[in-house]
Amino acid sequence: MASSLRHFVHSPAAAAASTPSLLSRFSPNFCTFAALRPIRPFSANPKPPTAAEQEQEQYAGAGTGTGTGAEEESSVPTTELPEPAGPPALRVGIIGFGNFGQFIARGIQRQGHAVLATSRSDYSAYCAANGIRFFRSLEALCEEQPDVLLVCSSILSTESVVRAIPFGKLRPDTIVADVLSVKQFPRNLLLEILPPEFGIVCTHPMFGPESGKHGWNMLPFVYDKVRIAEEGDQKAKCEQFLSIFEREGCRMEEMSCEEHDRHAAGSQFITHTIGRVLAQLNLKSTPINTKGYETLLQLTKNTVSDSFDLYYGLFMYNVNATEQ
């Protein structure tokens, strides 16, 4: 009996049963670790989670995609990109700084651009009081190389003024513009005299110091981009210059110089002619003015406030006006 028991103990089956298997020797017994895990005691009044715990849960939720959209947005830092800076302010040189030149300069300054001026008369005191640089000669102004050269001289003196411009002192991409009340005449003159790389813009603000004293809103502004290069900065500067009048509220009208002169002969020239005739009648206001009579008095006042040179120029430098 004893020998049989010894045989059983030393048998291979018994050895296999008493010896731990390879899996059991290297696999941990998780049940033994269960006792080591701390268990939070149950409380009828649980403590609210701390701020640190809430933040940890929030980031955990955002990382696993279980958080709300607001939580996911707040967990991602955002950086605001700076807005691109606009183009630098233009430097507009005005030739002829009389009543109309000063009127236009105020609108240019309201839009944040710099004004340089020259004229036959001395306006240095006015310019110093209004933040404008005044030059006693056209050569000195051109040495400053303005972006736009704006001719505000009378129609009769325009040719002599343009021929006196020292183009060699200006940059080759300079824009030359005018504000004359006739358009084909200055266009042809500028195309003849200016170097080919210079830009040309013919404009006509259809208003003046009297009709535009309360603002330029909805007042017509006619322009013709006669010669503007598509390459380089000239095109951008041209648009920036025209935007001065657009931002002042003008009704922008792009049309050819020929079309402008046809319309002007039937409107502006006739208006000035009637106003000049009425001025010769020495009309006076009465206590019983009608609306129509008030209109005639205002027409007379507006036309007489302009120089006779303007009226003469409207007649002599617009072929359509002579036909009218």
# chains A, B, ... in the order shown; residues from 1 in each chain; ligands from 1
call {"tool": "residues_around", "arguments": {"residues": "A:Thr158", "least_positions_apart": "4", "cutoff": "10 Å", "atoms": "only C-alpha atoms", "output": "list of chain:residue names"}}
result
A:Ile95, A:Gly96, A:Val151, A:Cys152, A:Ser153, A:Ser154, A:Val162, A:Arg163, A:Ala164, A:Asp178, A:Leu180, A:Phe185, A:Pro186, A:Leu189
call {"tool": "residues_around", "arguments": {"residues": "A:Ala236", "least_positions_apart": "6", "cutoff": "12 Å", "atoms": "only C-alpha atoms", "output": "PyMOL selection string"}}
result
chain A and resi 86-90+147-148+173-175+199+228-230+242-243
call {"tool": "select_by_dssp", "arguments": {"residues": "stretch 143-292 of chain A", "states": "strand (DSSP E or B)", "output": "list in words"}}
result
Val148, Leu149, Leu150, Val151, Ile175, Val176, Ala177, Asp178, Gly199, Ile200, Val201, Cys202, Thr203, His204, Pro205, Pro220, Phe221, Val222, Tyr223, Asp224, Lys225, Val226, Arg227, Arg251, Met252, Glu253 and Glu254 of chain A
call {"tool": "closest_residue", "arguments": {"among": "A:Trp216, A:Tyr293, A:Phe103, A:Phe135", "to": "A:Ala117", "atoms": "only C-alpha atoms"}}
result
A:Phe135
call {"tool": "atom_distance", "arguments": {"atom1": "atom CA of A:Val319", "atom2": "atom CA of A:Ile165"}}
result
26.9 Å
call {"tool": "residues_around", "arguments": {"residues": "A:Tyr312", "least_positions_apart": "4", "cutoff": "12 Å", "atoms": "only C-alpha atoms", "output": "ChimeraX atom specification"}}
result
/A:154-156,181-182,269,272-273,276,306-308,316-318,321-322
call {"tool": "write_last_selection", "arguments": {"atoms": "N, CA and C atoms", "output": "tab-separated table (two decimals), in the first residue's frame"}}
result
chain	number	residue	atom	x	y	z
A	154	SER	N	-7.03	127.91	-63.82
A	154	SER	CA	-8.14	128.26	-64.70
A	154	SER	C	-7.96	127.60	-66.06
A	155	ILE	N	-9.04	127.52	-66.81
A	155	ILE	CA	-8.96	126.91	-68.14
A	155	ILE	C	-7.98	127.68	-69.02
A	156	LEU	N	-8.02	129.00	-68.92
A	156	LEU	CA	-7.19	129.84	-69.80
A	156	LEU	C	-5.71	129.70	-69.51
A	181	SER	N	-13.48	122.35	-66.11
A	181	SER	CA	-14.88	122.18	-66.47
A	181	SER	C	-15.06	121.73	-67.91
A	182	VAL	N	-14.00	121.70	-68.69
A	182	VAL	CA	-14.01	121.09	-70.02
A	182	VAL	C	-13.02	119.94	-69.99
A	269	PHE	N	-23.00	124.95	-69.36
A	269	PHE	CA	-22.81	126.18	-70.12
A	269	PHE	C	-24.11	126.99	-70.18
A	272	HIS	N	-24.71	128.70	-66.78
A	272	HIS	CA	-23.87	129.88	-66.59
A	272	HIS	C	-24.32	131.03	-67.50
A	273	THR	N	-24.77	130.71	-68.69
A	273	THR	CA	-25.22	131.77	-69.61
A	273	THR	C	-26.46	132.48	-69.05
A	276	ARG	N	-25.56	134.61	-66.03
A	276	ARG	CA	-24.88	135.86	-66.39
A	276	ARG	C	-25.88	136.89	-66.93
A	306	ASP	N	-18.48	132.60	-59.54
A	306	ASP	CA	-17.38	132.08	-60.35
A	306	ASP	C	-16.79	133.20	-61.21
A	307	SER	N	-15.54	133.02	-61.57
A	307	SER	CA	-14.88	134.07	-62.36
A	307	SER	C	-15.40	134.08	-63.79
A	308	PHE	N	-15.26	135.24	-64.43
A	308	PHE	CA	-15.67	135.34	-65.83
A	308	PHE	C	-14.76	134.50	-66.72
A	316	MET	N	-15.10	128.96	-75.01
A	316	MET	CA	-14.03	128.91	-76.01
A	316	MET	C	-13.38	127.54	-76.13
A	317	TYR	N	-13.41	126.72	-75.07
A	317	TYR	CA	-12.67	125.46	-75.07
A	317	TYR	C	-13.58	124.23	-75.12
A	318	ASN	N	-14.83	124.45	-75.49
A	318	ASN	CA	-15.75	123.34	-75.70
A	318	ASN	C	-16.48	123.58	-77.00
A	321	ALA	N	-20.16	123.85	-76.92
A	321	ALA	CA	-20.75	125.05	-76.38
A	321	ALA	C	-20.95	126.10	-77.46
A	322	THR	N	-20.03	126.21	-78.39
A	322	THR	CA	-20.19	127.19	-79.46
A	322	THR	C	-21.37	126.81	-80.36
call {"tool": "select_by_dssp", "arguments": {"residues": "stretch 117-261 of chain A", "states": "alpha helix (DSSP H)", "output": "PyMOL selection string"}}
result
chain A and resi 124-129+138-143+158-163+184-193+234-247+257-261
call {"tool": "atom_distance", "arguments": {"atom1": "atom CA of A:Leu149", "atom2": "atom CA of A:Cys257"}}
result
19.2 Å
call {"tool": "closest_residue", "arguments": {"among": "A:Ser121, A:Asn130, A:Ser305, A:Ser256", "to": "A:Gln109", "atoms": "only C-alpha atoms"}}
result
A:Asn130
call {"tool": "residues_around", "arguments": {"residues": "A:Phe221", "least_positions_apart": "3", "cutoff": "9 Å", "atoms": "only C-alpha atoms", "output": "list of chain:residue names"}}
result
A:Thr203, A:His204, A:Pro205, A:Met206, A:Phe207, A:Met218, A:Phe245, A:Glu246, A:Cys250, A:Arg251, A:Met252, A:Glu253, A:Glu254
call {"tool": "closest_residue", "arguments": {"among": "A:Asn99, A:Ala265, A:Val115, A:Pro220", "to": "A:Tyr311", "atoms": "only C-alpha atoms"}}
result
A:Ala265
call {"tool": "residues_around", "arguments": {"residues": "A:Asn302", "least_positions_apart": "6", "cutoff": "9 Å", "atoms": "only C-alpha atoms", "output": "list in words"}}
result
Glu210, Ser211, His272 and Gly275 of chain A
call {"tool": "atom_distance", "arguments": {"atom1": "atom CA of A:Leu278", "atom2": "atom CA of A:Pro209"}}
result
20.8 Å
